[in-house]
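Containing TSV, C-alpha atoms: data.tsv.
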chain	number	residue	atom	x	y	z
V	1	MET	CA	30.98	36.08	-3.91
V	2	SER	CA	27.42	34.88	-3.55
V	3	ARG	CA	26.14	33.41	-0.32
V	4	GLY	CA	23.59	31.15	-2.03
V	5	LEU	CA	24.33	27.87	-3.70
V	6	PRO	CA	24.28	27.66	-7.43
V	7	LEU	CA	20.92	26.55	-8.81
V	8	LEU	CA	22.20	23.21	-10.07
V	9	HIS	CA	23.73	22.36	-6.68
V	10	ARG	CA	20.46	23.21	-4.86
V	11	ARG	CA	18.53	20.91	-7.18
V	12	ARG	CA	20.95	18.05	-6.49
V	13	ILE	CA	20.50	18.50	-2.74
V	14	LEU	CA	16.70	18.53	-3.05
V	15	LEU	CA	16.75	15.46	-5.30
V	16	SER	CA	19.05	13.63	-2.87
V	17	GLY	CA	16.70	14.46	0.03
V	18	ALA	CA	13.69	13.20	-1.89
V	19	ILE	CA	15.43	9.96	-2.80
V	20	GLY	CA	16.54	9.52	0.81
V	21	GLY	CA	12.96	10.04	2.03
V	22	ILE	CA	11.60	7.51	-0.43
V	23	THR	CA	14.27	5.01	0.58
V	24	CYS	CA	13.42	5.46	4.26
V	25	ALA	CA	9.71	4.97	3.53
V	26	ALA	CA	10.49	1.78	1.60
V	27	VAL	CA	12.56	0.45	4.51
V	28	VAL	CA	9.72	1.18	6.97
V	29	VAL	CA	7.13	-0.53	4.77
V	30	GLY	CA	9.45	-3.49	4.23
V	31	ALA	CA	10.00	-3.87	7.97
V	32	ALA	CA	6.27	-3.66	8.65
V	33	MET	CA	5.54	-6.37	6.12
V	34	ALA	CA	8.39	-8.65	7.19
V	35	GLY	CA	7.22	-12.17	7.82
V	36	GLN	CA	3.97	-11.74	5.93
V	37	ASP	CA	4.38	-14.33	3.23
V	38	GLY	CA	1.95	-17.07	2.14
V	39	SER	CA	2.80	-19.36	5.06
V	40	GLY	CA	2.19	-16.55	7.58
V	41	ASP	CA	-1.32	-15.98	6.21
V	42	ALA	CA	-2.22	-19.64	6.72
V	43	GLY	CA	-1.15	-19.40	10.36
V	44	ALA	CA	-3.18	-16.24	10.83
V	45	SER	CA	-6.32	-17.81	9.41
V	46	THR	CA	-5.87	-20.79	11.74
V	47	LYS	CA	-5.59	-18.47	14.75
V	48	ALA	CA	-8.57	-16.46	13.56
V	49	ALA	CA	-10.66	-19.63	13.62
V	50	SER	CA	-9.72	-20.27	17.27
V	51	ALA	CA	-12.17	-19.57	20.07
V	52	ILE	CA	-12.13	-19.86	23.82
V	53	SER	CA	-14.09	-22.76	25.27
V	54	CYS	CA	-15.15	-22.91	28.92
V	55	PRO	CA	-16.82	-25.71	30.89
V	56	ALA	CA	-20.59	-25.51	31.30
V	57	VAL	CA	-21.60	-24.16	34.69
V	58	THR	CA	-25.38	-24.62	34.70
V	59	GLY	CA	-25.25	-28.42	34.63
V	60	SER	CA	-22.85	-28.46	37.57
V	61	LEU	CA	-24.98	-26.40	39.91
V	62	PRO	CA	-27.23	-27.98	42.55
V	63	GLU	CA	-30.87	-26.98	42.95
V	64	ILE	CA	-30.90	-23.18	43.17
V	65	PRO	CA	-33.14	-21.76	45.92
V	66	ALA	CA	-35.73	-19.26	44.70
V	67	GLU	CA	-34.21	-16.58	46.95
V	68	ALA	CA	-30.85	-16.91	45.17
V	69	ARG	CA	-32.16	-17.36	41.61
V	70	ALA	CA	-31.86	-13.69	40.53
V	71	GLU	CA	-28.30	-13.30	41.82
V	72	VAL	CA	-27.20	-16.61	40.31
V	73	ASP	CA	-28.74	-15.67	36.96
V	74	ARG	CA	-26.90	-12.33	37.00
V	75	ASN	CA	-23.61	-14.10	37.66
V	76	LEU	CA	-24.28	-16.70	34.95
V	77	ALA	CA	-24.90	-13.82	32.53
V	78	LEU	CA	-21.63	-12.27	33.71
V	79	LEU	CA	-19.81	-15.51	32.84
V	80	ASP	CA	-21.21	-15.22	29.30
V	81	THR	CA	-20.07	-11.60	29.09
V	82	GLN	CA	-16.58	-12.50	30.31
V	83	LEU	CA	-16.30	-15.23	27.67
V	84	ALA	CA	-17.50	-12.89	24.92
V	85	GLU	CA	-14.98	-10.23	25.95
V	86	ALA	CA	-12.15	-12.80	26.00
V	87	ASN	CA	-13.10	-14.06	22.54
V	88	LYS	CA	-13.17	-10.47	21.26
V	89	ARG	CA	-9.73	-9.85	22.76
V	90	LEU	CA	-8.49	-13.06	21.12
V	91	SER	CA	-9.73	-11.99	17.70
V	92	THR	CA	-8.36	-8.44	17.95
V	93	SER	CA	-4.93	-9.40	19.27
V	94	GLN	CA	-3.68	-11.56	16.41
V	95	GLY	CA	0.09	-11.41	16.17
V	96	GLU	CA	0.63	-9.71	19.54
V	97	GLY	CA	3.04	-10.93	22.17
V	98	GLY	CA	5.13	-14.05	22.30
V	99	PRO	CA	4.36	-17.75	22.50
V	100	ASN	CA	2.52	-17.50	25.85
V	101	PHE	CA	0.55	-14.35	25.02
V	102	VAL	CA	-2.88	-16.01	24.86
V	103	GLN	CA	-2.34	-17.83	28.15
V	104	ASN	CA	-0.89	-14.84	30.03
V	105	ALA	CA	-3.02	-12.03	28.61
V	106	ILE	CA	-6.36	-13.71	27.89
V	107	LEU	CA	-6.89	-17.16	29.42
V	108	GLY	CA	-5.22	-16.43	32.77
V	109	PRO	CA	-7.19	-13.26	33.53
V	110	LEU	CA	-10.38	-14.94	32.28
V	111	ALA	CA	-9.85	-17.83	34.71
V	112	ASP	CA	-9.39	-15.34	37.58
V	113	LYS	CA	-12.60	-13.50	36.68
V	114	ARG	CA	-14.52	-16.75	36.31
V	115	LYS	CA	-13.24	-18.02	39.67
V	116	SER	CA	-14.50	-14.85	41.39
V	117	THR	CA	-17.87	-15.11	39.67
V	118	LEU	CA	-18.18	-18.82	40.53
V	119	ASP	CA	-17.35	-17.98	44.16
V	120	ARG	CA	-20.17	-15.41	44.18
V	121	ILE	CA	-22.55	-18.03	42.79
V	122	ALA	CA	-21.53	-20.52	45.50
V	123	ILE	CA	-21.90	-17.88	48.23
V	124	SER	CA	-25.31	-16.86	46.90
V	125	ILE	CA	-26.56	-20.45	46.94
V	126	GLY	CA	-24.88	-21.06	50.31
V	127	ARG	CA	-26.94	-18.32	51.97
V	128	HIS	CA	-30.14	-20.33	51.46
V	129	ALA	CA	-28.99	-23.95	51.01
V	130	GLU	CA	-25.88	-26.08	51.16
V	131	LYS	CA	-22.98	-24.26	49.49
V	132	PRO	CA	-21.83	-26.11	46.35
V	133	ALA	CA	-18.23	-27.30	46.35
V	134	GLY	CA	-15.84	-27.74	43.45
V	135	LEU	CA	-17.08	-24.92	41.23
V	136	ASP	CA	-13.52	-23.58	40.99
V	137	ALA	CA	-12.71	-26.46	38.65
V	138	LEU	CA	-14.98	-24.79	36.08
V	139	ALA	CA	-12.92	-21.59	36.00
V	140	GLU	CA	-10.23	-22.78	33.58
V	141	CYS	CA	-10.94	-22.30	29.88
V	142	THR	CA	-9.07	-23.56	26.84
V	143	LEU	CA	-8.36	-22.44	23.32
V	144	SER	CA	-10.26	-24.54	20.80
V	145	ASP	CA	-10.03	-24.60	17.02
V	146	GLY	CA	-13.23	-23.38	15.45
V	147	GLY	CA	-16.09	-21.59	17.14
V	148	ALA	CA	-18.32	-24.65	17.64
V	149	GLU	CA	-17.74	-24.81	21.40
V	150	ALA	CA	-17.55	-21.07	22.07
V	151	GLY	CA	-21.12	-20.77	23.32
V	152	SER	CA	-21.03	-23.81	25.61
V	153	ASP	CA	-20.36	-21.84	28.80
V	154	ASN	CA	-23.67	-22.10	30.60
V	155	GLY	CA	-25.83	-24.30	28.43
V	156	GLY	CA	-28.75	-21.89	28.55
V	157	GLY	CA	-30.60	-20.93	31.69

Show this structure as structure tokens.
Amino acid sequence: MSRGLPLLHRRRILLSGAIGGITCAAVVVGAAMAGQDGSGDAGASTKAASAISCPAVTGSLPEIPAEARAEVDRNLALLDTQLAEANKRLSTSQGEGGPNFVQNAILGPLADKRKSTLDRIAISIGRHAEKPAGLDALAECTLSDGGAEAGSDNGGG
């Protein structure tokens, strides 16, 4: 009696394994593409056109003392950087998370960073003149459709 399987039986087993592997691959690809029909693409293009819009800070600041100008300018540049990073995160995270993902993962942390930066601006001005009040109201940003308002953070210099 031979220990090996007959040649025909071995071929059937190999063929069954190959078919099983192909079937598994098809199931994985099907699951990955689930929900990607024509209507899903329209929603994705709408989200891709979204941008984060923040209130302008420069127009809300009082006269900046010369001694504080460099530090205030650095912090205004930091606000621009924070907005750019948040917009990049928004564009690279399409389809992630649930319904509150943008608020919890992008807009919320951005507001916290902006609040800290606005506090540093107020402290810097307050060292040499009257400390501005109410800058915290400029920390909250919103999601806007289209990129037209994306660069409106500081209004220049």

CA of Gly134 (chain V) to CA of Val57 (chain V) measures 11.1 Å

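Comparing the minimum interatomic distances between Val72 (chain V) and each of V:Ala133, V:Ile123, V:Cys141, V:Ile19, counting all atoms listed in the file, we find that V:Ile123 sits nearest.
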
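Among the candidates V:Arg89, V:Glu71, V:Asn100, V:Pro55, the one nearest to Ala139 (chain V) when counting only C-alpha atoms is V:Pro55.
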
Taking all atoms listed in the file into account, name the residue in V:Gln103, V:Thr117, V:Gly108, V:Gly126 that is nearest to Thr81 (chain V). V:Thr117

One decimal, Å: what's the distance from CA of Ile125 (chain V) over to CA of Ala68 (chain V), could you say? 5.8 Å

Find, counting all atoms listed in the file, the residue in V:Val102, V:His128, V:Ile121, V:Leu90 that gets nearest to Ala66 (chain V).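 Result for the nearest residue to Ala66 (chain V): V:His128.
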
Atom-to-atom span, CA of Ala137 (chain V) and CA of Gly98 (chain V), Å: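 Separation between CA of Ala137 (chain V) and CA of Gly98 (chain V): 27.2 Å.
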
Please supply region 84-99 of chain V, rebuilt with N, CA, C and O atoms, as an mmCIF file, in the frame of the given file.
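After the write, result_28.cif holds the following:
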data_model
loop_
_atom_site.group_PDB
_atom_site.id
_atom_site.type_symbol
_atom_site.label_atom_id
_atom_site.label_comp_id
_atom_site.auth_asym_id
_atom_site.auth_seq_id
_atom_site.Cartn_x
_atom_site.Cartn_y
_atom_site.Cartn_z
ATOM 1 N N ALA V 84 -17.397 -13.678 26.146
ATOM 2 C CA ALA V 84 -17.500 -12.890 24.920
ATOM 3 C C ALA V 84 -16.376 -11.856 24.828
ATOM 4 O O ALA V 84 -15.775 -11.666 23.757
ATOM 5 N N GLU V 85 -16.065 -11.211 25.949
ATOM 6 C CA GLU V 85 -14.980 -10.230 25.950
ATOM 7 C C GLU V 85 -13.635 -10.899 25.670
ATOM 8 O O GLU V 85 -12.794 -10.359 24.954
ATOM 9 N N ALA V 86 -13.416 -12.079 26.238
ATOM 10 C CA ALA V 86 -12.150 -12.800 26.000
ATOM 11 C C ALA V 86 -12.040 -13.224 24.544
ATOM 12 O O ALA V 86 -10.962 -13.131 23.950
ATOM 13 N N ASN V 87 -13.129 -13.680 23.951
ATOM 14 C CA ASN V 87 -13.100 -14.060 22.540
ATOM 15 C C ASN V 87 -12.855 -12.850 21.649
ATOM 16 O O ASN V 87 -12.135 -12.937 20.653
ATOM 17 N N LYS V 88 -13.424 -11.697 22.020
ATOM 18 C CA LYS V 88 -13.170 -10.470 21.260
ATOM 19 C C LYS V 88 -11.704 -10.081 21.365
ATOM 20 O O LYS V 88 -11.073 -9.732 20.372
ATOM 21 N N ARG V 89 -11.153 -10.169 22.550
ATOM 22 C CA ARG V 89 -9.730 -9.850 22.760
ATOM 23 C C ARG V 89 -8.852 -10.799 21.953
ATOM 24 O O ARG V 89 -7.861 -10.388 21.361
ATOM 25 N N LEU V 90 -9.240 -12.074 21.893
ATOM 26 C CA LEU V 90 -8.490 -13.060 21.120
ATOM 27 C C LEU V 90 -8.496 -12.701 19.640
ATOM 28 O O LEU V 90 -7.463 -12.751 18.978
ATOM 29 N N SER V 91 -9.638 -12.296 19.130
ATOM 30 C CA SER V 91 -9.730 -11.990 17.700
ATOM 31 C C SER V 91 -9.042 -10.686 17.333
ATOM 32 O O SER V 91 -8.547 -10.547 16.219
ATOM 33 N N THR V 92 -8.983 -9.729 18.266
ATOM 34 C CA THR V 92 -8.360 -8.440 17.950
ATOM 35 C C THR V 92 -6.876 -8.398 18.274
ATOM 36 O O THR V 92 -6.216 -7.411 17.970
ATOM 37 N N SER V 93 -6.334 -9.438 18.866
ATOM 38 C CA SER V 93 -4.930 -9.400 19.270
ATOM 39 C C SER V 93 -4.069 -10.347 18.450
ATOM 40 O O SER V 93 -3.023 -10.776 18.921
ATOM 41 N N GLN V 94 -4.467 -10.660 17.244
ATOM 42 C CA GLN V 94 -3.680 -11.560 16.410
ATOM 43 C C GLN V 94 -2.287 -10.985 16.190
ATOM 44 O O GLN V 94 -2.132 -9.826 15.858
ATOM 45 N N GLY V 95 -1.290 -11.813 16.410
ATOM 46 C CA GLY V 95 0.090 -11.410 16.170
ATOM 47 C C GLY V 95 0.741 -10.668 17.317
ATOM 48 O O GLY V 95 1.900 -10.284 17.213
ATOM 49 N N GLU V 96 0.037 -10.417 18.402
ATOM 50 C CA GLU V 96 0.630 -9.710 19.540
ATOM 51 C C GLU V 96 1.375 -10.683 20.432
ATOM 52 O O GLU V 96 1.028 -11.856 20.529
ATOM 53 N N GLY V 97 2.357 -10.178 21.119
ATOM 54 C CA GLY V 97 3.040 -10.930 22.170
ATOM 55 C C GLY V 97 3.834 -12.119 21.653
ATOM 56 O O GLY V 97 4.006 -12.328 20.463
ATOM 57 N N GLY V 98 4.312 -12.890 22.605
ATOM 58 C CA GLY V 98 5.130 -14.050 22.300
ATOM 59 C C GLY V 98 4.326 -15.329 22.335
ATOM 60 O O GLY V 98 3.102 -15.324 22.205
ATOM 61 N N PRO V 99 5.019 -16.453 22.551
ATOM 62 C CA PRO V 99 4.360 -17.750 22.500
ATOM 63 C C PRO V 99 3.330 -17.980 23.608
ATOM 64 O O PRO V 99 2.405 -18.750 23.441
#
